[in-house]
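Comments concern the structure below.
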Amino acid sequence: MNVMIGDMFNRVDGYIDALFAPEDAVLTAAQARARDAGLPDIQVSANQGKLLYLFTKLIGARHVLEIGTLAGYSTIWLARALPDDGRLITLELDPDHARVARDNLADAGLALKITVVTGPALDTLPTLEGAGAPPFDLVFMDADKVNFPSYLDWALKLARPGALILADNVIRAGKVLAPDDDDPSALGAAAFNRQIARNPRLEAVILQQVGIKGHDGLAVARIRD
Ligand code: SAH
Ligand code: DHB
Ligand code: MG
């Protein structure tokens, strides 16, 4: 993966991956197909994928919504934590990414559990409302950070009381401390962070993360009962 932040952090990330999140043939093949298709190398790390998997299992989630599929790498980690009758919907803007993801998810044996919906999430989220999609137990946001505040509104609409909302890349190498006016991603993440901190319907925190994805953070928010 891309960002280098210091040899020790990267080596420890590799140490954690090797102990707790070794990639099997399916995950390795998914990464290879993404690389061959020229997709950006910005998926969650293996141990971040394992954390998504554990969160999904910990809350016993049956219905998961992901915003930002890329090649379906995080999708595989999330879906593997679902029970047999569990379902995942993942939203992806780019039809090329969605195609690679569908192939990866089919090869992972997860096609029956997962629906990849192509289009801008702000257009496809409204179609989930009243589409018979049951309230989500977990929402993972990992698409364009500028729209995180809007995705939060949708998550609050589509998820059940007690649901978990996770959001990747909400620290952005510390840029959220004082976002530049010309950095819409940092501005979006900072606005999102204020909203999850202040919304009385939520209890939340951010895990600061460092390693092969650089310096960033994962927001963890629970909708009150
Ligand atoms: N969750 C993936 C990585 C997602 S990268 C993983 O960890 O494996 C972010 C993805 O969000 C990209 O594929 C990008 O095309 C998609 N995206 C960007 N803007 C979007 C939008 N408005 N609606 C839906 N998806 C979007
Ligand atoms: C980018 C997006 C991500 O979701 C991520 O984890 C890292 C980088 C990006 O758009 O550069
Ligand atoms: Mg991300």
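By order in the structure tokens, chains are A, B, ...; within a chain, residues start at 1; ligands start at 1, following the order shown.
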Report task. Please identify the residues whose atoms come within 10 Å of ligand 1, using only C-alpha atoms and all ligand atoms, and report them as an MDAnalysis selection string. Result -> chainID A and resid 30:31 34 39:46 48:49 52 66:77 90:98 101 117:125 140:148 151 167:168
Query - Shell of 7 Å around A:Ala21, only C-alpha atoms, local chain residues under 4 positions omitted, as JSON, numbers by chain - result: {"A": [17, 46, 47, 50]}
Taking all heavy atoms for each residue, export the selection above as a short mmCIF file (atom, residue, chain, number, x, y, z; two decimals), in the first residue's frame.
data_model
loop_
_atom_site.label_atom_id
_atom_site.label_comp_id
_atom_site.auth_asym_id
_atom_site.auth_seq_id
_atom_site.Cartn_x
_atom_site.Cartn_y
_atom_site.Cartn_z
N ASP A 17 -0.44 -7.80 11.14
CA ASP A 17 -1.07 -8.54 10.03
C ASP A 17 -0.69 -10.01 10.06
O ASP A 17 -1.53 -10.89 9.91
CB ASP A 17 -0.63 -7.96 8.67
CG ASP A 17 -1.33 -6.65 8.34
OD1 ASP A 17 -2.23 -6.23 9.09
OD2 ASP A 17 -0.95 -6.04 7.32
N ALA A 46 -4.92 -5.21 6.07
CA ALA A 46 -5.45 -6.50 6.53
C ALA A 46 -5.94 -6.40 7.97
O ALA A 46 -7.04 -6.86 8.30
CB ALA A 46 -4.38 -7.58 6.37
N ASN A 47 -5.14 -5.77 8.84
CA ASN A 47 -5.60 -5.72 10.24
C ASN A 47 -6.78 -4.77 10.43
O ASN A 47 -7.61 -4.97 11.32
CB ASN A 47 -4.44 -5.43 11.21
CG ASN A 47 -3.78 -4.09 11.00
OD1 ASN A 47 -4.35 -3.07 11.35
ND2 ASN A 47 -2.58 -4.09 10.42
N LYS A 50 -9.59 -6.94 9.56
CA LYS A 50 -9.90 -7.84 10.69
C LYS A 50 -10.70 -7.11 11.76
O LYS A 50 -11.62 -7.67 12.36
CB LYS A 50 -8.59 -8.39 11.28
CG LYS A 50 -8.77 -9.34 12.46
CD LYS A 50 -9.36 -10.67 12.05
CE LYS A 50 -9.42 -11.66 13.21
NZ LYS A 50 -8.14 -12.26 13.57
#
Requested in this report: Output as a PyMOL selection string all residues of stretch 65-201 of chain A that backbone DSSP marks as helix (DSSP H, G or I).
Outcome: chain A and resi 73-80+95-107+121-128+145-158+172-177+184-198
Query - Distance query A:Asn10 at most 9 Å, only C-alpha atoms, self and fewer than 2 positions along chain excluded, as a ChimeraX atom specification - result: /A:4-8,12-15,210-214
Query raised in the report: Using only C-alpha atoms, which residues sit within 12 Å of A:Ala106 once same-chain residues fewer than 2 positions away are excluded, as a ChimeraX atom specification?
Result: /A:26,29-30,71-72,75-76,99-104,108-116
Report task. Check the DSSP output for the backbone and give back, as a ChimeraX atom specification, the residues of chain A in strand (DSSP E). Result -> /A:63-67,87-92,114-118,136-141,159-168,202-211,214-223
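The environment of A:Gly217 within 10 Å, counting only C-alpha atoms and disregarding residues fewer than 2 places along the same chain, consists of Ala167, Asp168, Asn169, Val170, Ile171, Arg172, Ala173, Gly174, Ile206, Leu207, Gln208, Gln209, Val210, Lys213, Gly214, His215, Ala219 and Val220 of chain A.
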Please produce a file of those selected residues containing N, CA and C atoms, as a compact mmCIF listing (two decimals), in the first residue's frame.
# COMPACT_ATOMS: atom_id res chain seq x y z
N ALA A 167 -16.46 4.84 10.22
CA ALA A 167 -16.05 5.71 9.11
C ALA A 167 -14.53 5.76 9.03
N ASP A 168 -14.00 5.44 7.84
CA ASP A 168 -12.55 5.38 7.64
C ASP A 168 -12.01 6.76 7.26
N ASN A 169 -10.75 6.98 7.58
CA ASN A 169 -10.02 8.17 7.09
C ASN A 169 -10.55 9.49 7.64
N VAL A 170 -10.83 9.52 8.94
CA VAL A 170 -11.37 10.75 9.53
C VAL A 170 -10.30 11.59 10.24
N ILE A 171 -9.04 11.22 10.14
CA ILE A 171 -7.96 12.02 10.73
C ILE A 171 -7.05 12.63 9.66
N ARG A 172 -6.83 11.89 8.57
CA ARG A 172 -6.13 12.44 7.40
C ARG A 172 -4.79 13.06 7.76
N ALA A 173 -3.95 12.27 8.39
CA ALA A 173 -2.60 12.72 8.77
C ALA A 173 -2.64 13.99 9.61
N GLY A 174 -3.70 14.14 10.41
CA GLY A 174 -3.81 15.30 11.29
C GLY A 174 -4.39 16.54 10.63
N ILE A 206 -12.97 8.21 18.13
CA ILE A 206 -12.13 7.93 16.97
C ILE A 206 -10.91 7.14 17.43
N LEU A 207 -10.62 6.04 16.72
CA LEU A 207 -9.37 5.31 16.93
C LEU A 207 -8.32 5.91 16.00
N GLN A 208 -7.27 6.49 16.57
CA GLN A 208 -6.16 6.98 15.74
C GLN A 208 -5.38 5.76 15.25
N GLN A 209 -5.03 5.77 13.98
CA GLN A 209 -4.35 4.61 13.41
C GLN A 209 -3.09 5.05 12.67
N VAL A 210 -2.06 4.23 12.73
CA VAL A 210 -0.81 4.54 12.04
C VAL A 210 -0.21 3.24 11.53
N LYS A 213 -1.09 2.44 6.00
CA LYS A 213 -2.01 3.41 5.38
C LYS A 213 -1.65 4.84 5.78
N GLY A 214 -0.49 5.03 6.39
CA GLY A 214 -0.14 6.36 6.86
C GLY A 214 -0.76 6.63 8.22
N HIS A 215 -1.00 7.89 8.51
CA HIS A 215 -1.57 8.31 9.78
C HIS A 215 -3.01 8.72 9.53
N ALA A 219 -13.54 6.27 12.78
CA ALA A 219 -14.58 6.72 13.70
C ALA A 219 -15.50 5.55 14.03
N VAL A 220 -15.88 5.47 15.31
CA VAL A 220 -16.76 4.42 15.81
C VAL A 220 -17.91 5.10 16.55
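Note that atom CA of A:Leu128 and atom 3 (C, counted along the ligand's line) of ligand 2 are 23.7 Å apart.
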